[in-house]
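Quick notes on the structure that follows.
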Amino acid sequence: MGENGRVQLQQLFSPSVQHTLDVIGIFVFAISGALLAVRKNFDVFGIAVLAEVTALGGGLFRDVVIGAVPPAAFTDLGYFLTPLIATLVVFFLHPHVERIQTGVLVFDAAGLGLFCVSGTTKAYSYGLNLTASATLGLATAVGGGVLRDVLANEVPSLLRWDRDLYAVPAIVGATMVALCIRYDALTPLTSGLAVVTAFALRLLAMRFHWRAPRAWNRRSTVTEE
Amino acid sequence: MGENGRVQLQQLFSPSVQHTLDVIGIFVFAISGALLAVRKNFDVFGIAVLAEVTALGGGLFRDVVIGAVPPAAFTDLGYFLTPLIATLVVFFLHPHVERIQTGVLVFDAAGLGLFCVSGTTKAYSYGLNLTASATLGLATAVGGGVLRDVLANEVPSLLRWDRDLYAVPAIVGATMVALCIRYDALTPLTSGLAVVTAFALRLLAMRFHWRAPRAWNRRSTVTEE
Amino acid sequence: MGENGRVQLQQLFSPSVQHTLDVIGIFVFAISGALLAVRKNFDVFGIAVLAEVTALGGGLFRDVVIGAVPPAAFTDLGYFLTPLIATLVVFFLHPHVERIQTGVLVFDAAGLGLFCVSGTTKAYSYGLNLTASATLGLATAVGGGVLRDVLANEVPSLLRWDRDLYAVPAIVGATMVALCIRYDALTPLTSGLAVVTAFALRLLAMRFHWRAPRAWNRRSTVTEE
């Protein structure tokens with residue numbers, strides 16, 4: 001696939017559809033950051049910072065790594081303002097938002113699916129190989145959440161064995177996109193299928209509390225080095 | 001404003017004045033990092049690392065995001081050596097430095113004012129839009145302190161509701177610069193005014209313990225997710 | 001030294017020798033990340049993430065700072081797969097790996113020596129000055145470990161006074177390389193000597209529990225700000 005084909009990859013969907021999907025993903029990730037900030041007792045600026053970092057951190061990391069600077073997070077005003085709207089929503093309505101926590105998790109799963117696919121596609125369009133592209137798709141999807149937890153001074157939810165599978169759905173979605181690219185079969189349809197697969201896997205993981213194994217022969221509980 | 005005008009923006013003050021202001025800002029931020037390192041019982045290398053990260057981290061983040069690589073932190077020897085001098089000062093004199101803690105906080109406020117203005121100007125001179133430039137000005141001013149707290153394994157002071165306002169003065173200063181650029185009124189005088197405004201707001205926030213509100217209807221204390 | 005000379009610097013050793021040394025360094029760093037992940041009770045994906053970050057984080061930081069994007073971590077499949085192999089080794093054999101903990105520390109010391117030398121050389125070949133190159137050599141060697149500890153929500157081992165010297169051997173190795181470049185004496189022999197010196201200093205620091213001093217006149221134990 002030539003350079004032209006690579007750049008066009010980013011435009012799988014019509015630009016406006018792609019942008020709408022991105023903004024939805026950004027919004028739901030921002031909600032999860034803002035809710036954690038409220039739980040940690042942060043003030044309104046802390047809530048806004050955590051919302052921005054959670055929503056845009058994964059894409060920012062990807063863009064810096066692939067050399068797409070300045071990153072989309074800083075050039076698209078809509079990307080920047082969306083987390084501020086999420087901040088206002090959580091600031092004024094957070095007991096209600098918490099009450100619909102399941103709804104938020106469903107949206108977060110949708111964001112995970114959207115970002116692992118769009119992240120993989122964008123990385124490939126900047127010339128990375130398929131493995132690196134899928135890895136950056138994963139990083140796009142989970143990076144913001146890791147930064148959120150680091151700033152909140154918690155062990156990243158992504159790494160903990162006592163949380164439902166989060167990385168695996170994104171890995172599956174990103175791998176599906178990479179395979180489609182490899183076999184020249186990436187279309188809006190197959191992309192959408194990858195989004196839906198990642199989304200559905202995450203929902204199933206939450207529903208049935210799927211977890212990943214820890215190391216074999218673990219003998220004891222957490223001990224410090 | 002053309003590309004030429006953009007690049008010239010960086011040279012608002014004479015280069016030597018700008019450089020002196022930068023070094024002062026770097027020095028006071030480094031002192032705050034070194035003092036936290038002493039409180040956390042770090043050894044002399046830990047003190048130096050925290051001083052460097054606190055002083056240069058915000059600008060490093062800005063430069064990587066706008067594509068100004070290698071960042072000024074690595075090309076200007078004075079920027080690199082200043083935090084090491086701060087390390088020596090704190091290492092040998094830290095009880096005295098702590099005794100003049102208020103003085104340190106005043107200098108830190110000056111650094112906040114200087115960096116939010118110079119960060120916004122530099123980001124704009126690299127072609128970012130006004131909102132993104134102001135955001136990166138804020139990130140330049142507060143980024144080092146956030147990295148400092150993350151490395152010290154503490155919740156970033158910036159995010160906590162029980163600390164006096166820190167982000168707001170920087171937001172005001174960065175916004176003033178952005179508005180001046182918008183209306184073609186950025187001069188050494190108006191820049192200086194933005195620095196002084198951010199500086200004064202931070203001093204007032206410390207003096208009167210101004211704090212930002214937390215989310216409405218908070219019902220309980222911190223609970224983990 | 002001209003631009004050509006600079007770029008050729010990266011090829012001090014034959015490419016295959018250099019690559020083999022890099023992969024060894026990556027493997028031993030990945031083992032240290034994976035072992036900490038097991039101790040923190042992470043699941044298998046958490047182990048893999050921590051192994052990747054520990055092994056590749058320092059070089060990734062260096063590459064982003066010097067503008068070598070996409071970073072080697074994402075363009076070289078071997079670099080990416082090595083930490084996954086380390087993950088499998090630790091996942092299935094970790095009680096045995098822990099039993100040979102001393103062996104792991106020796107390999108980690110070798111990684112430290114290799115990375116501080118190759119990091120300094122690569123940074124210089126991208127046009128940075130000698131001080132900045134040595135600093136980035138240090139960052140390449142210790143950066144992954146710092147990220148590992150931040151993700152594991154611990155105070156970075158690098159900064160703590162109660163750990164054997166870790167930064168100093170890397171600083172010595174990186175400085176030796178910078179001096180060799182300055183006096184036009186960088187050859188495979190002198191490079192190898194720098195690697196061995198850093199390696200030996202780290203082994204001696206572990207053997208005799210060398211530690212760095214804390215600030216003078218410390219009066220009390222750790223207190224929060």
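Letters A, B, ... go to the chains of the structure tokens in the order shown; residues in each chain start at 1; ligands are counted from 1 in the same order.
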
- Write out as a PyMOL selection string the residues lying within 8 Å of C:Gly33, counting only C-alpha atoms and excluding same-chain residues fewer than 2 positions away. chain C and resi 29-31+35-37+47+50-55+145+148

Save the residues we just selected, C-alpha atoms, as a PDB file, in the first residue's frame?
ATOM      1  CA  PHE C  29      15.355  -4.687  32.306  1.00  0.00           C
ATOM      2  CA  ALA C  30      12.115  -6.420  31.287  1.00  0.00           C
ATOM      3  CA  ILE C  31      12.782  -9.163  33.833  1.00  0.00           C
ATOM      4  CA  LEU C  35       9.247  -9.348  38.775  1.00  0.00           C
ATOM      5  CA  LEU C  36       7.972  -6.142  40.374  1.00  0.00           C
ATOM      6  CA  ALA C  37       4.614  -6.708  38.630  1.00  0.00           C
ATOM      7  CA  ILE C  47       3.176  -8.011  33.898  1.00  0.00           C
ATOM      8  CA  LEU C  50       5.404  -3.296  33.143  1.00  0.00           C
ATOM      9  CA  ALA C  51       8.022  -5.409  31.344  1.00  0.00           C
ATOM     10  CA  GLU C  52       7.629  -3.352  28.145  1.00  0.00           C
ATOM     11  CA  VAL C  53       7.678  -0.012  29.945  1.00  0.00           C
ATOM     12  CA  THR C  54      10.723  -0.879  32.054  1.00  0.00           C
ATOM     13  CA  ALA C  55      12.684  -2.202  29.088  1.00  0.00           C
ATOM     14  CA  GLY C 145      13.072   1.896  36.011  1.00  0.00           C
ATOM     15  CA  ARG C 148       8.228   1.092  36.263  1.00  0.00           C
TER      16      ARG C 148
END

- Task: Provide as a PyMOL selection string the residues of chain A at most 9 Å from chain B, counting only C-alpha atoms.
- Result: chain A and resi 36-47+49-50+60+63-64+67-71+73-77+80+90-95+150-153

- Message: When you look at A:Asp164 with a cut-off of 7 Å (counting only C-alpha atoms), what residues show up, excluding the ones that are within fewer than 3 positions of it in the same chain? I need them as a list in words.
- Response: Ala205, Met206, His209, Trp210 and Arg211 of chain A

- Please, what distance in Å, to one decimal, runs between atom CA of B:Leu114 and atom CA of B:Asp184? 20.2 Å

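The list of residues with at least one atom within 9 Å of A:Ile24, based on only C-alpha atoms and without residues fewer than 3 positions apart in the same chain, reads His19, Thr20, Leu21, Phe27, Val28, Phe29, Thr82, Phe107, Ala110 and Gly111 of chain A.
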
- Query: In stretch 18-207 of chain C, what's helix (DSSP H, G or I) per DSSP? Answer as a ChimeraX atom specification?
  - Reply: /C:18-39,44-66,72-75,77-99,101-125,130-151,157-159,167-182,188-207

- Between atom CA of C:Thr140 and atom CA of A:Ala174 lies a distance of 28.7 Å

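Comparing the minimum interatomic distances between A:Ala48 and each of A:Ser32, A:Ser118, A:Thr87, A:Gln18, counting only C-alpha atoms, we find that A:Thr87 sits nearest.
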